[in-house]
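Pasting data39.txt here (compact mmCIF, C-alpha atoms):
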```txt
# COMPACT_ATOMS: atom_id res chain seq x y z
CA MET A 1 8.84 -53.63 31.10
CA PRO A 2 10.00 -55.97 33.92
CA ARG A 3 7.84 -58.72 32.34
CA ALA A 4 9.27 -58.01 28.91
CA ILE A 5 12.80 -58.32 30.32
CA ALA A 6 11.92 -61.56 32.11
CA SER A 7 10.47 -63.00 28.89
CA LEU A 8 13.94 -62.84 27.32
CA PHE A 9 15.03 -65.45 29.87
CA ILE A 10 14.10 -69.10 30.19
CA GLU A 11 11.70 -69.80 33.05
CA ASP A 12 14.49 -70.51 35.54
CA GLY A 13 16.90 -68.00 34.02
CA VAL A 14 19.07 -65.78 36.18
CA TRP A 15 19.92 -62.07 35.94
CA ASP A 16 22.96 -61.68 38.15
CA GLY A 17 24.39 -58.20 38.49
CA GLY A 18 26.69 -59.05 41.37
CA ALA A 19 26.82 -56.06 43.70
CA LEU A 20 24.02 -54.46 41.65
CA GLY A 21 21.56 -57.20 42.63
CA LYS A 22 20.13 -60.47 41.37
CA GLY A 23 16.88 -61.93 40.08
CA GLU A 24 16.30 -65.68 39.84
CA GLY A 25 13.56 -67.11 37.64
CA HIS A 26 10.88 -65.06 35.89
CA ALA A 27 9.30 -63.99 39.18
CA GLY A 28 12.65 -62.94 40.64
CA ILE A 29 13.63 -61.00 37.54
CA VAL A 30 10.28 -59.18 37.43
CA LYS A 31 10.64 -58.29 41.10
CA PHE A 32 14.17 -56.99 40.58
CA PHE A 33 13.29 -54.78 37.62
CA ARG A 34 10.20 -53.41 39.37
CA ARG A 35 12.45 -52.02 42.08
CA ALA A 36 15.19 -50.78 39.74
CA PRO A 37 13.50 -47.56 38.45
CA SER A 38 13.24 -46.13 41.95
CA ALA A 39 17.05 -46.23 42.21
CA PHE A 40 17.99 -45.60 38.57
CA THR A 41 15.92 -43.04 36.72
CA PHE A 42 17.86 -42.89 33.45
CA ALA A 43 20.17 -45.31 31.69
CA ILE A 44 21.56 -45.83 28.21
CA HIS A 45 22.76 -49.37 27.61
CA ASN A 46 25.63 -48.84 25.18
CA VAL A 47 27.04 -52.30 24.50
CA MET A 48 30.11 -53.16 22.47
CA ASN A 49 33.08 -55.55 22.13
CA PRO A 50 30.77 -58.55 21.53
CA ILE A 51 32.28 -62.03 21.48
CA ILE A 52 29.58 -64.58 20.72
CA GLU A 53 30.26 -68.29 20.47
CA VAL A 54 27.54 -70.65 19.31
CA ASP A 55 27.62 -74.37 20.00
CA GLY A 56 24.45 -75.98 18.65
CA ASP A 57 21.56 -74.85 20.81
CA THR A 58 23.68 -73.14 23.41
CA ALA A 59 25.87 -70.09 23.16
CA THR A 60 27.90 -67.69 25.23
CA GLY A 61 28.29 -63.97 24.84
CA ARG A 62 30.59 -61.36 26.31
CA TRP A 63 29.85 -57.66 25.95
CA TYR A 64 31.21 -54.46 27.38
CA LEU A 65 28.77 -51.92 28.78
CA MET A 66 29.43 -48.17 28.90
CA GLN A 67 26.40 -46.69 30.55
CA PRO A 68 25.35 -43.14 31.34
CA LEU A 69 23.21 -43.60 34.41
CA THR A 70 21.25 -41.40 36.79
CA ARG A 71 20.98 -42.62 40.37
CA ARG A 72 18.31 -41.35 42.69
CA ASN A 73 19.00 -41.02 46.38
CA GLY A 74 15.99 -39.55 48.15
CA GLU A 75 15.32 -36.27 46.36
CA THR A 76 18.75 -36.09 44.75
CA GLU A 77 19.57 -37.34 41.28
CA SER A 78 23.20 -37.87 40.33
CA ALA A 79 24.76 -38.67 36.97
CA MET A 80 27.13 -41.64 37.00
CA TRP A 81 29.19 -43.67 34.59
CA LEU A 82 28.69 -47.40 34.91
CA ALA A 83 31.06 -49.66 33.00
CA GLY A 84 31.54 -53.38 33.05
CA ARG A 85 31.24 -56.67 31.30
CA TYR A 86 28.33 -58.97 30.58
CA GLU A 87 28.98 -62.70 30.53
CA ASP A 88 25.92 -64.41 29.12
CA ASP A 89 24.78 -67.98 28.62
CA TYR A 90 22.13 -68.42 25.96
CA VAL A 91 20.00 -71.38 25.02
CA ARG A 92 17.78 -71.94 21.99
CA VAL A 93 14.27 -73.04 22.94
CA GLY A 94 11.63 -73.63 20.28
CA GLY A 95 13.69 -71.75 17.71
CA GLU A 96 14.21 -68.72 19.93
CA TRP A 97 17.38 -67.71 21.69
CA LYS A 98 16.86 -66.92 25.36
CA PHE A 99 19.07 -65.94 28.24
CA LYS A 100 19.83 -68.81 30.57
CA ARG A 101 22.08 -66.68 32.74
CA LEU A 102 23.29 -63.12 32.49
CA ARG A 103 26.10 -62.00 34.74
CA PHE A 104 27.33 -58.43 34.95
CA PHE A 105 30.74 -57.56 36.38
CA THR A 106 31.14 -53.93 37.32
CA ARG A 107 34.47 -52.31 36.46
CA MET A 108 33.50 -48.83 37.53
CA LEU A 109 30.49 -47.00 38.89
CA THR A 110 31.67 -43.49 39.32
CA PRO A 111 29.94 -40.20 40.05
CA TYR A 112 30.03 -38.05 36.91
CA ASP A 113 31.23 -35.08 38.98
CA GLU A 114 34.31 -36.94 40.24
CA GLY A 115 35.40 -39.51 37.68
CA TRP A 116 36.93 -42.97 38.00
CA ALA A 117 40.36 -41.95 39.29
CA LYS A 118 38.88 -40.26 42.37
CA LYS A 119 36.01 -42.67 43.01
CA PRO A 120 35.91 -45.83 40.88
CA LEU A 121 33.12 -47.54 42.83
CA ALA A 122 30.48 -45.32 44.41
CA MET B 123 32.21 -33.49 2.86
CA PRO B 124 28.54 -32.41 2.68
CA ARG B 125 28.42 -33.81 -0.89
CA ALA B 126 30.04 -37.06 0.26
CA ILE B 127 27.41 -37.42 2.97
CA ALA B 128 24.59 -36.68 0.52
CA SER B 129 25.95 -39.29 -1.89
CA LEU B 130 25.24 -41.98 0.70
CA PHE B 131 21.55 -41.21 0.29
CA ILE B 132 19.24 -41.83 -2.63
CA GLU B 133 18.36 -38.68 -4.57
CA ASP B 134 15.23 -37.98 -2.52
CA GLY B 135 16.67 -39.37 0.69
CA VAL B 136 16.09 -37.66 4.02
CA TRP B 137 18.46 -36.92 6.93
CA ASP B 138 16.14 -36.17 9.81
CA GLY B 139 17.76 -35.25 13.10
CA GLY B 140 14.54 -34.07 14.74
CA ALA B 141 15.38 -31.11 16.95
CA LEU B 142 18.92 -31.14 15.49
CA GLY B 143 17.62 -30.26 12.03
CA LYS B 144 16.64 -31.88 8.74
CA GLY B 145 17.82 -32.14 5.16
CA GLU B 146 15.56 -33.42 2.40
CA GLY B 147 16.99 -34.64 -0.91
CA HIS B 148 20.62 -34.29 -1.96
CA ALA B 149 20.40 -30.50 -2.12
CA GLY B 150 18.80 -30.28 1.31
CA ILE B 151 21.34 -32.62 2.88
CA VAL B 152 24.27 -30.71 1.37
CA LYS B 153 22.80 -27.44 2.65
CA PHE B 154 22.33 -28.88 6.14
CA PHE B 155 25.86 -30.23 6.43
CA ARG B 156 27.39 -27.00 5.07
CA ARG B 157 25.89 -25.17 8.03
CA ALA B 158 26.70 -27.84 10.64
CA PRO B 159 30.44 -27.11 11.12
CA SER B 160 29.74 -23.54 12.25
CA ALA B 161 27.75 -24.92 15.21
CA PHE B 162 29.66 -28.15 15.85
CA THR B 163 33.43 -27.97 15.57
CA PHE B 164 34.33 -31.46 16.77
CA ALA B 165 32.45 -34.74 16.86
CA ILE B 166 33.26 -38.43 17.19
CA HIS B 167 30.48 -40.66 15.88
CA ASN B 168 30.77 -43.70 18.14
CA VAL B 169 28.02 -46.06 17.03
CA MET B 170 27.02 -49.33 18.64
CA ASN B 171 24.09 -51.67 19.44
CA PRO B 172 23.38 -52.28 15.74
CA ILE B 173 20.23 -54.15 14.76
CA ILE B 174 20.10 -54.57 11.00
CA GLU B 175 17.28 -56.37 9.23
CA VAL B 176 17.51 -57.06 5.51
CA ASP B 177 14.46 -57.82 3.39
CA GLY B 178 15.52 -58.22 -0.24
CA ASP B 179 16.56 -54.81 -1.53
CA THR B 180 15.40 -52.88 1.49
CA ALA B 181 16.66 -52.93 5.04
CA THR B 182 16.32 -51.18 8.34
CA GLY B 183 18.97 -50.37 10.90
CA ARG B 184 18.97 -49.17 14.48
CA TRP B 185 22.12 -47.87 16.12
CA TYR B 186 23.00 -46.10 19.32
CA LEU B 187 25.23 -43.03 19.14
CA MET B 188 27.51 -41.89 21.98
CA GLN B 189 29.13 -38.74 20.73
CA PRO B 190 31.72 -36.40 22.18
CA LEU B 191 30.80 -33.09 20.61
CA THR B 192 32.03 -29.53 20.74
CA ARG B 193 29.43 -26.83 20.23
CA ARG B 194 30.36 -23.32 19.23
CA ASN B 195 28.34 -20.40 20.42
CA GLY B 196 29.86 -17.16 19.19
CA GLU B 197 33.43 -17.23 20.46
CA THR B 198 32.80 -19.95 23.04
CA GLU B 199 33.35 -23.64 22.47
CA SER B 200 31.77 -26.12 24.87
CA ALA B 201 32.21 -29.87 25.17
CA MET B 202 28.98 -31.85 25.19
CA TRP B 203 27.81 -35.43 25.26
CA LEU B 204 25.25 -36.26 22.62
CA ALA B 205 23.54 -39.63 22.85
CA GLY B 206 20.65 -41.09 20.95
CA ARG B 207 19.37 -43.58 18.48
CA TYR B 208 19.49 -43.80 14.70
CA GLU B 209 16.57 -45.41 12.92
CA ASP B 210 17.54 -45.94 9.30
CA ASP B 211 15.80 -47.15 6.17
CA TYR B 212 18.16 -48.45 3.50
CA VAL B 213 17.55 -49.41 -0.10
CA ARG B 214 19.79 -51.23 -2.56
CA VAL B 215 20.16 -49.39 -5.84
CA GLY B 216 22.40 -50.75 -8.60
CA GLY B 217 24.09 -53.10 -6.15
CA GLU B 218 24.85 -50.38 -3.61
CA TRP B 219 23.13 -49.85 -0.29
CA LYS B 220 22.01 -46.27 0.24
CA PHE B 221 20.15 -44.41 2.93
CA LYS B 222 16.54 -43.76 2.05
CA ARG B 223 15.85 -42.12 5.39
CA LEU B 224 17.94 -41.59 8.47
CA ARG B 225 16.23 -40.45 11.63
CA PHE B 226 18.06 -39.52 14.80
CA PHE B 227 16.32 -39.41 18.15
CA THR B 228 18.20 -37.50 20.83
CA ARG B 229 18.23 -39.03 24.31
CA MET B 230 20.59 -36.52 25.82
CA LEU B 231 22.60 -33.49 24.75
CA THR B 232 24.30 -32.39 27.88
CA PRO B 233 27.08 -29.92 28.67
CA TYR B 234 30.20 -31.85 29.64
CA ASP B 235 30.65 -29.55 32.66
CA GLU B 236 27.22 -30.41 34.09
CA GLY B 237 26.21 -33.92 33.03
CA TRP B 238 22.87 -35.48 32.15
CA ALA B 239 21.31 -35.44 35.61
CA LYS B 240 21.58 -31.65 35.87
CA LYS B 241 20.89 -30.78 32.24
CA PRO B 242 19.83 -33.64 29.95
CA LEU B 243 18.92 -31.43 26.99
CA ALA B 244 20.90 -28.26 26.50
CA MET C 245 50.20 -59.86 29.90
CA PRO C 246 52.81 -58.13 27.69
CA ARG C 247 53.74 -61.58 26.30
CA ALA C 248 50.09 -62.41 25.70
CA ILE C 249 49.66 -59.17 23.78
CA ALA C 250 52.79 -59.82 21.74
CA SER C 251 51.56 -63.32 20.89
CA LEU C 252 48.63 -61.78 19.00
CA PHE C 253 51.16 -60.33 16.54
CA ILE C 254 53.36 -62.07 14.00
CA GLU C 255 57.01 -62.25 15.00
CA ASP C 256 57.93 -58.99 13.27
CA GLY C 257 54.56 -57.36 13.93
CA VAL C 258 54.29 -53.73 14.95
CA TRP C 259 52.18 -51.98 17.59
CA ASP C 260 52.30 -48.34 16.61
CA GLY C 261 50.46 -45.92 18.86
CA GLY C 262 51.96 -42.80 17.29
CA ALA C 263 52.49 -40.24 20.04
CA LEU C 264 51.57 -42.93 22.60
CA GLY C 265 54.61 -45.03 21.69
CA LYS C 266 55.66 -47.94 19.52
CA GLY C 267 56.79 -51.54 19.83
CA GLU C 268 58.41 -53.40 16.94
CA GLY C 269 58.61 -57.19 16.89
CA HIS C 270 57.67 -59.45 19.80
CA ALA C 271 60.54 -58.17 21.94
CA GLY C 272 59.66 -54.54 21.26
CA ILE C 273 55.97 -55.08 21.98
CA VAL C 274 56.73 -56.89 25.25
CA LYS C 275 59.05 -54.07 26.28
CA PHE C 276 56.45 -51.43 25.46
CA PHE C 277 53.66 -53.13 27.42
CA ARG C 278 55.92 -53.75 30.41
CA ARG C 279 56.38 -50.02 30.75
CA ALA C 280 52.74 -49.07 30.06
CA PRO C 281 51.24 -49.95 33.50
CA SER C 282 53.49 -47.46 35.26
CA ALA C 283 51.93 -44.65 33.23
CA PHE C 284 48.41 -46.01 32.83
CA THR C 285 46.89 -47.72 35.83
CA PHE C 286 43.36 -48.30 34.54
CA ALA C 287 41.87 -48.59 31.06
CA ILE C 288 38.72 -49.93 29.46
CA HIS C 289 39.14 -50.67 25.79
CA ASN C 290 35.67 -49.96 24.42
CA VAL C 291 35.88 -50.58 20.68
CA MET C 292 33.21 -49.96 18.10
CA ASN C 293 32.52 -48.91 14.48
CA PRO C 294 34.37 -51.94 13.09
CA ILE C 295 35.05 -52.11 9.37
CA ILE C 296 36.78 -55.38 8.53
CA GLU C 297 37.78 -56.33 5.01
CA VAL C 298 39.13 -59.80 4.29
CA ASP C 299 41.16 -60.61 1.20
CA GLY C 300 42.27 -64.25 1.34
CA ASP C 301 44.88 -64.57 4.07
CA THR C 302 45.19 -60.86 4.73
CA ALA C 303 42.70 -58.42 6.12
CA THR C 304 42.37 -54.88 7.35
CA GLY C 305 40.35 -53.55 10.23
CA ARG C 306 39.32 -50.10 11.40
CA TRP C 307 37.88 -49.56 14.86
CA TYR C 308 37.04 -46.61 17.04
CA LEU C 309 38.25 -46.60 20.63
CA MET C 310 36.49 -44.74 23.46
CA GLN C 311 38.60 -45.37 26.51
CA PRO C 312 38.27 -44.38 30.14
CA LEU C 313 41.86 -44.18 31.26
CA THR C 314 43.74 -43.33 34.43
CA ARG C 315 47.14 -41.75 33.99
CA ARG C 316 49.70 -41.76 36.75
CA ASN C 317 52.12 -38.90 37.14
CA GLY C 318 54.32 -39.45 40.17
CA GLU C 319 51.91 -39.88 43.06
CA THR C 320 48.95 -38.37 41.22
CA GLU C 321 46.36 -40.36 39.30
CA SER C 322 44.12 -38.56 36.85
CA ALA C 323 41.09 -39.79 34.93
CA MET C 324 41.21 -39.13 31.19
CA TRP C 325 39.20 -39.86 28.09
CA LEU C 326 41.21 -41.32 25.25
CA ALA C 327 39.51 -41.58 21.87
CA GLY C 328 40.84 -42.50 18.48
CA ARG C 329 40.99 -44.94 15.65
CA TYR C 330 42.75 -48.25 15.15
CA GLU C 331 43.94 -49.11 11.65
CA ASP C 332 44.99 -52.75 11.63
CA ASP C 333 46.60 -55.10 9.15
CA TYR C 334 45.96 -58.76 9.84
CA VAL C 335 47.47 -61.88 8.34
CA ARG C 336 46.39 -65.51 8.65
CA VAL C 337 49.25 -67.79 9.66
CA GLY C 338 48.66 -71.50 10.22
CA GLY C 339 44.92 -70.97 10.40
CA GLU C 340 45.15 -68.17 12.97
CA TRP C 341 44.60 -64.49 12.38
CA LYS C 342 47.40 -62.32 13.78
CA PHE C 343 48.18 -58.66 13.82
CA LYS C 344 50.82 -57.69 11.30
CA ARG C 345 50.55 -54.02 12.19
CA LEU C 346 48.32 -52.09 14.53
CA ARG C 347 48.28 -48.32 14.29
CA PHE C 348 46.40 -46.08 16.67
CA PHE C 349 45.55 -42.50 15.80
CA THR C 350 44.59 -40.35 18.78
CA ARG C 351 41.68 -37.98 18.28
CA MET C 352 41.55 -36.80 21.86
CA LEU C 353 43.29 -37.46 25.14
CA THR C 354 41.63 -35.13 27.54
CA PRO C 355 41.66 -34.76 31.31
CA TYR C 356 38.31 -35.88 32.68
CA ASP C 357 38.14 -32.73 34.80
CA GLU C 358 38.41 -30.42 31.80
CA GLY C 359 36.95 -32.10 28.72
CA TRP C 360 37.88 -32.04 25.05
CA ALA C 361 36.85 -28.46 24.29
CA LYS C 362 39.26 -27.03 26.87
CA LYS C 363 42.11 -29.50 26.43
CA PRO C 364 41.78 -31.99 23.54
CA LEU C 365 45.32 -33.36 23.83
CA ALA C 366 46.88 -33.47 27.26
```
How does this structure look as structure tokens?
Amino acid sequence: MPRAIASLFIEDGVWDGGALGKGEGHAGIVKFFRRAPSAFTFAIHNVMNPIIEVDGDTATGRWYLMQPLTRRNGETESAMWLAGRYEDDYVRVGGEWKFKRLRFFTRMLTPYDEGWAKKPLA
Amino acid sequence: MPRAIASLFIEDGVWDGGALGKGEGHAGIVKFFRRAPSAFTFAIHNVMNPIIEVDGDTATGRWYLMQPLTRRNGETESAMWLAGRYEDDYVRVGGEWKFKRLRFFTRMLTPYDEGWAKKPLA
Amino acid sequence: MPRAIASLFIEDGVWDGGALGKGEGHAGIVKFFRRAPSAFTFAIHNVMNPIIEVDGDTATGRWYLMQPLTRRNGETESAMWLAGRYEDDYVRVGGEWKFKRLRFFTRMLTPYDEGWAKKPLA
């Protein structure tokens, strides 16, 4: 799975989740997504509000994410809502669109039991 | 309403919700959706992440569902989050696209009061 | 921000949120969105299920909204889920699509702490 994710990026592509972490290049992205399952044991990547602009062999994309997430902390698993915005740069290589850079900007990461008014960023 | 839903399918079309139930053919789909409101009294069908592939007069579609749902159990009504994935087969008949088969795969069906970490499938 | 929102509408355009309030014309829309932040201090406008129909220089759009919202009441801030449906009329003026009328129909506005089965409209 980490390799499959990395393969969506160009060789020196970047997955940049800000406070959530970062992977640079295929090796960095693989490393990042190998660690991720130990912290996040469940996630649904609901994406919406796409704005995609194509300019020849490059493109940009903006998406909203509304993600049910389960975070593991030691033996405890907690449901959370993660919401934010992807800002992507794409490039077409050999007829295939790839990520050049994906950035994710968190708007909230809130414990399900509390909600975003009480604790917007956990 | 059940008849309107059935009319979106070809005559021998199938609505297959897995553990949620199944209706085969127009009569089966009508029967299924006549029963549904007694168990589910409120639902918003938020769909996203569409991937639609057209091949002549047939097509496939994949969608995510993120559904606020109210389930009735006797006199009690409980809010729930239902999330999952539609995998659809479409066919064009007389210029109109119809469902040939709709399958829904549940990823979580969780009581609103508990959340998916405590009870992913209620 | 209120001016930027108004500029998406034609001069006599209407933002009609039903029970949530209404702004008519640029001045009315600006006025409405100047007041809004005092009642709503956080909102993510997740939109999905678009159905857009274009007819020359006019068009209609229907969207679902699934919105995490924080409502302020005096010193108290409360998380809420707002869900509903936009029904939009668009018009193309000078090569640009503008809102002629936006209507929002609330399906639920529920306190996060209670959920839609207990309190669908708060």
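Of the residues under consideration (B:Leu191, B:Ile151, B:Ala239, B:Ala205), B:Ala205 shows the shortest atom-to-atom contact distance to B:Met170 when counting all atoms listed in the file.
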Taking only C-alpha atoms into account, what are the residues of chain A at most 8 Å from chain C, put as number ranges by chain?
-> A: 48-49, 64, 66, 114-118
Residues near C:Ala263, cut-off 12 Å, all atoms listed in the file, skip fewer than 5 positions along chain, as a list in words | Gly328, Arg347, Phe348, Phe349, Thr350, Arg351, Met352, Leu353, Leu365 and Ala366 of chain C
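Using all atoms listed in the file, the contacts of A:Ala6 at a cut-off of 6 Å, with sequence neighbours closer than 2 positions omitted, comprise Arg3, Ala4, Leu8, Phe9, His26 and Ile29 of chain A.
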Since we have the selection now, will you write its residues out, keeping C-alpha atoms, as a PDB file, in the coordinates of the input?
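The resulting again-v4.pdb:
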```
ATOM      1  CA  ARG A   3       7.840 -58.720  32.340  1.00  0.00           C
ATOM      2  CA  ALA A   4       9.270 -58.010  28.910  1.00  0.00           C
ATOM      3  CA  LEU A   8      13.940 -62.840  27.320  1.00  0.00           C
ATOM      4  CA  PHE A   9      15.030 -65.450  29.870  1.00  0.00           C
ATOM      5  CA  HIS A  26      10.880 -65.060  35.890  1.00  0.00           C
ATOM      6  CA  ILE A  29      13.630 -61.000  37.540  1.00  0.00           C
TER       7      ILE A  29
END
```
Once chain B is fitted onto chain A by least squares over all its in-order Cα atoms, send the moved chain as an mmCIF file with C-alpha atoms, in the frame of the given file.
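Result file superposed26.cif:
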```cif
data_model
loop_
_atom_site.group_PDB
_atom_site.id
_atom_site.type_symbol
_atom_site.label_atom_id
_atom_site.label_comp_id
_atom_site.auth_asym_id
_atom_site.auth_seq_id
_atom_site.Cartn_x
_atom_site.Cartn_y
_atom_site.Cartn_z
ATOM 1 C CA MET B 123 8.848 -53.614 31.105
ATOM 2 C CA PRO B 124 9.997 -55.947 33.916
ATOM 3 C CA ARG B 125 7.843 -58.710 32.351
ATOM 4 C CA ALA B 126 9.309 -57.994 28.909
ATOM 5 C CA ILE B 127 12.813 -58.322 30.326
ATOM 6 C CA ALA B 128 11.929 -61.563 32.120
ATOM 7 C CA SER B 129 10.478 -62.989 28.906
ATOM 8 C CA LEU B 130 13.938 -62.846 27.338
ATOM 9 C CA PHE B 131 15.044 -65.443 29.870
ATOM 10 C CA ILE B 132 14.111 -69.086 30.192
ATOM 11 C CA GLU B 133 11.721 -69.797 33.062
ATOM 12 C CA ASP B 134 14.510 -70.514 35.550
ATOM 13 C CA GLY B 135 16.905 -68.012 34.028
ATOM 14 C CA VAL B 136 19.075 -65.785 36.191
ATOM 15 C CA TRP B 137 19.923 -62.063 35.938
ATOM 16 C CA ASP B 138 22.957 -61.680 38.148
ATOM 17 C CA GLY B 139 24.381 -58.194 38.487
ATOM 18 C CA GLY B 140 26.697 -59.058 41.375
ATOM 19 C CA ALA B 141 26.809 -56.073 43.706
ATOM 20 C CA LEU B 142 24.011 -54.470 41.641
ATOM 21 C CA GLY B 143 21.565 -57.204 42.628
ATOM 22 C CA LYS B 144 20.126 -60.481 41.364
ATOM 23 C CA GLY B 145 16.882 -61.930 40.076
ATOM 24 C CA GLU B 146 16.321 -65.670 39.836
ATOM 25 C CA GLY B 147 13.565 -67.112 37.643
ATOM 26 C CA HIS B 148 10.888 -65.061 35.902
ATOM 27 C CA ALA B 149 9.311 -63.989 39.189
ATOM 28 C CA GLY B 150 12.653 -62.944 40.645
ATOM 29 C CA ILE B 151 13.639 -61.000 37.540
ATOM 30 C CA VAL B 152 10.293 -59.182 37.422
ATOM 31 C CA LYS B 153 10.644 -58.295 41.108
ATOM 32 C CA PHE B 154 14.179 -56.993 40.580
ATOM 33 C CA PHE B 155 13.293 -54.786 37.629
ATOM 34 C CA ARG B 156 10.184 -53.406 39.376
ATOM 35 C CA ARG B 157 12.450 -52.015 42.076
ATOM 36 C CA ALA B 158 15.200 -50.775 39.731
ATOM 37 C CA PRO B 159 13.509 -47.575 38.445
ATOM 38 C CA SER B 160 13.256 -46.131 41.961
ATOM 39 C CA ALA B 161 17.071 -46.209 42.214
ATOM 40 C CA PHE B 162 17.994 -45.593 38.573
ATOM 41 C CA THR B 163 15.922 -43.030 36.712
ATOM 42 C CA PHE B 164 17.866 -42.878 33.452
ATOM 43 C CA ALA B 165 20.170 -45.302 31.687
ATOM 44 C CA ILE B 166 21.559 -45.816 28.196
ATOM 45 C CA HIS B 167 22.765 -49.368 27.611
ATOM 46 C CA ASN B 168 25.639 -48.841 25.183
ATOM 47 C CA VAL B 169 27.040 -52.295 24.498
ATOM 48 C CA MET B 170 30.110 -53.161 22.470
ATOM 49 C CA ASN B 171 33.078 -55.565 22.137
ATOM 50 C CA PRO B 172 30.777 -58.549 21.530
ATOM 51 C CA ILE B 173 32.267 -62.035 21.483
ATOM 52 C CA ILE B 174 29.568 -64.579 20.725
ATOM 53 C CA GLU B 175 30.257 -68.291 20.465
ATOM 54 C CA VAL B 176 27.529 -70.649 19.296
ATOM 55 C CA ASP B 177 27.628 -74.376 19.988
ATOM 56 C CA GLY B 178 24.459 -75.989 18.639
ATOM 57 C CA ASP B 179 21.562 -74.850 20.804
ATOM 58 C CA THR B 180 23.674 -73.146 23.417
ATOM 59 C CA ALA B 181 25.869 -70.095 23.161
ATOM 60 C CA THR B 182 27.886 -67.702 25.228
ATOM 61 C CA GLY B 183 28.299 -63.972 24.842
ATOM 62 C CA ARG B 184 30.600 -61.358 26.303
ATOM 63 C CA TRP B 185 29.858 -57.667 25.952
ATOM 64 C CA TYR B 186 31.213 -54.463 27.384
ATOM 65 C CA LEU B 187 28.760 -51.920 28.778
ATOM 66 C CA MET B 188 29.431 -48.165 28.899
ATOM 67 C CA GLN B 189 26.398 -46.681 30.545
ATOM 68 C CA PRO B 190 25.346 -43.139 31.340
ATOM 69 C CA LEU B 191 23.197 -43.596 34.413
ATOM 70 C CA THR B 192 21.257 -41.400 36.783
ATOM 71 C CA ARG B 193 20.978 -42.610 40.356
ATOM 72 C CA ARG B 194 18.318 -41.337 42.698
ATOM 73 C CA ASN B 195 19.002 -41.018 46.366
ATOM 74 C CA GLY B 196 15.995 -39.561 48.143
ATOM 75 C CA GLU B 197 15.329 -36.278 46.372
ATOM 76 C CA THR B 198 18.755 -36.094 44.736
ATOM 77 C CA GLU B 199 19.566 -37.344 41.268
ATOM 78 C CA SER B 200 23.202 -37.860 40.310
ATOM 79 C CA ALA B 201 24.767 -38.676 36.959
ATOM 80 C CA MET B 202 27.120 -41.645 36.988
ATOM 81 C CA TRP B 203 29.197 -43.683 34.595
ATOM 82 C CA LEU B 204 28.687 -47.405 34.906
ATOM 83 C CA ALA B 205 31.056 -49.655 32.994
ATOM 84 C CA GLY B 206 31.538 -53.377 33.040
ATOM 85 C CA ARG B 207 31.237 -56.669 31.304
ATOM 86 C CA TYR B 208 28.322 -58.977 30.580
ATOM 87 C CA GLU B 209 28.973 -62.700 30.532
ATOM 88 C CA ASP B 210 25.908 -64.417 29.122
ATOM 89 C CA ASP B 211 24.784 -67.991 28.621
ATOM 90 C CA TYR B 212 22.121 -68.410 25.953
ATOM 91 C CA VAL B 213 19.994 -71.384 25.012
ATOM 92 C CA ARG B 214 17.764 -71.940 21.996
ATOM 93 C CA VAL B 215 14.276 -73.045 22.939
ATOM 94 C CA GLY B 216 11.623 -73.625 20.272
ATOM 95 C CA GLY B 217 13.701 -71.747 17.715
ATOM 96 C CA GLU B 218 14.207 -68.701 19.926
ATOM 97 C CA TRP B 219 17.392 -67.700 21.692
ATOM 98 C CA LYS B 220 16.865 -66.917 25.361
ATOM 99 C CA PHE B 221 19.078 -65.936 28.241
ATOM 100 C CA LYS B 222 19.829 -68.806 30.570
ATOM 101 C CA ARG B 223 22.088 -66.675 32.733
ATOM 102 C CA LEU B 224 23.286 -63.121 32.471
ATOM 103 C CA ARG B 225 26.091 -61.997 34.725
ATOM 104 C CA PHE B 226 27.318 -58.433 34.947
ATOM 105 C CA PHE B 227 30.708 -57.574 36.374
ATOM 106 C CA THR B 228 31.128 -53.932 37.333
ATOM 107 C CA ARG B 229 34.456 -52.313 36.467
ATOM 108 C CA MET B 230 33.490 -48.837 37.533
ATOM 109 C CA LEU B 231 30.463 -47.009 38.896
ATOM 110 C CA THR B 232 31.650 -43.502 39.325
ATOM 111 C CA PRO B 233 29.940 -40.184 40.047
ATOM 112 C CA TYR B 234 30.016 -38.053 36.907
ATOM 113 C CA ASP B 235 31.216 -35.079 38.988
ATOM 114 C CA GLU B 236 34.304 -36.934 40.242
ATOM 115 C CA GLY B 237 35.394 -39.527 37.682
ATOM 116 C CA TRP B 238 36.925 -42.979 38.009
ATOM 117 C CA ALA B 239 40.344 -41.950 39.296
ATOM 118 C CA LYS B 240 38.864 -40.274 42.379
ATOM 119 C CA LYS B 241 36.001 -42.683 43.017
ATOM 120 C CA PRO B 242 35.889 -45.838 40.876
ATOM 121 C CA LEU B 243 33.102 -47.524 42.842
ATOM 122 C CA ALA B 244 30.484 -45.313 44.412
#
```
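Coordinates place atom CA of B:Glu146 at a distance of 18.7 Å from atom CA of B:Thr182.
Straight-line separation from atom CA of C:Pro281 to atom CA of A:Gly18: 27.3 Å.
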Sphere at (21.6, -63.7, 36.1), radius 9 Å, counting all atoms listed in the file: residues as a PyMOL selection string | chain A and resi 13-18+22-25+29+88+99-104
Separation of atom CA of B:Thr180 and atom CA of C:Ile295, in Å?
-> 21.2 Å
For A:Arg85, the closest of A:Trp97, A:Phe33, A:Asn73, A:Gly61 counting only C-alpha atoms is A:Gly61
Given all atoms listed in the file as the counted atoms, nearest of B:Ala161, B:Thr232, B:Asp134, B:Ser129 to B:Gly196 = B:Ala161
For stretch 126-134 of chain B in the structure I just supplied, write out C-alpha atoms - as a tab-separated table (two decimals), in the first residue's frame.
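New file out_4.tsv:
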```tsv
chain	number	residue	atom	x	y	z
B	126	ALA	CA	-39.65	5.50	-8.54
B	127	ILE	CA	-36.49	3.86	-7.22
B	128	ALA	CA	-37.25	0.62	-9.09
B	129	SER	CA	-37.80	2.56	-12.31
B	130	LEU	CA	-34.15	3.63	-12.23
B	131	PHE	CA	-33.22	-0.02	-12.72
B	132	ILE	CA	-33.66	-2.27	-15.72
B	133	GLU	CA	-36.46	-4.81	-15.30
B	134	ASP	CA	-34.16	-7.50	-13.89
```
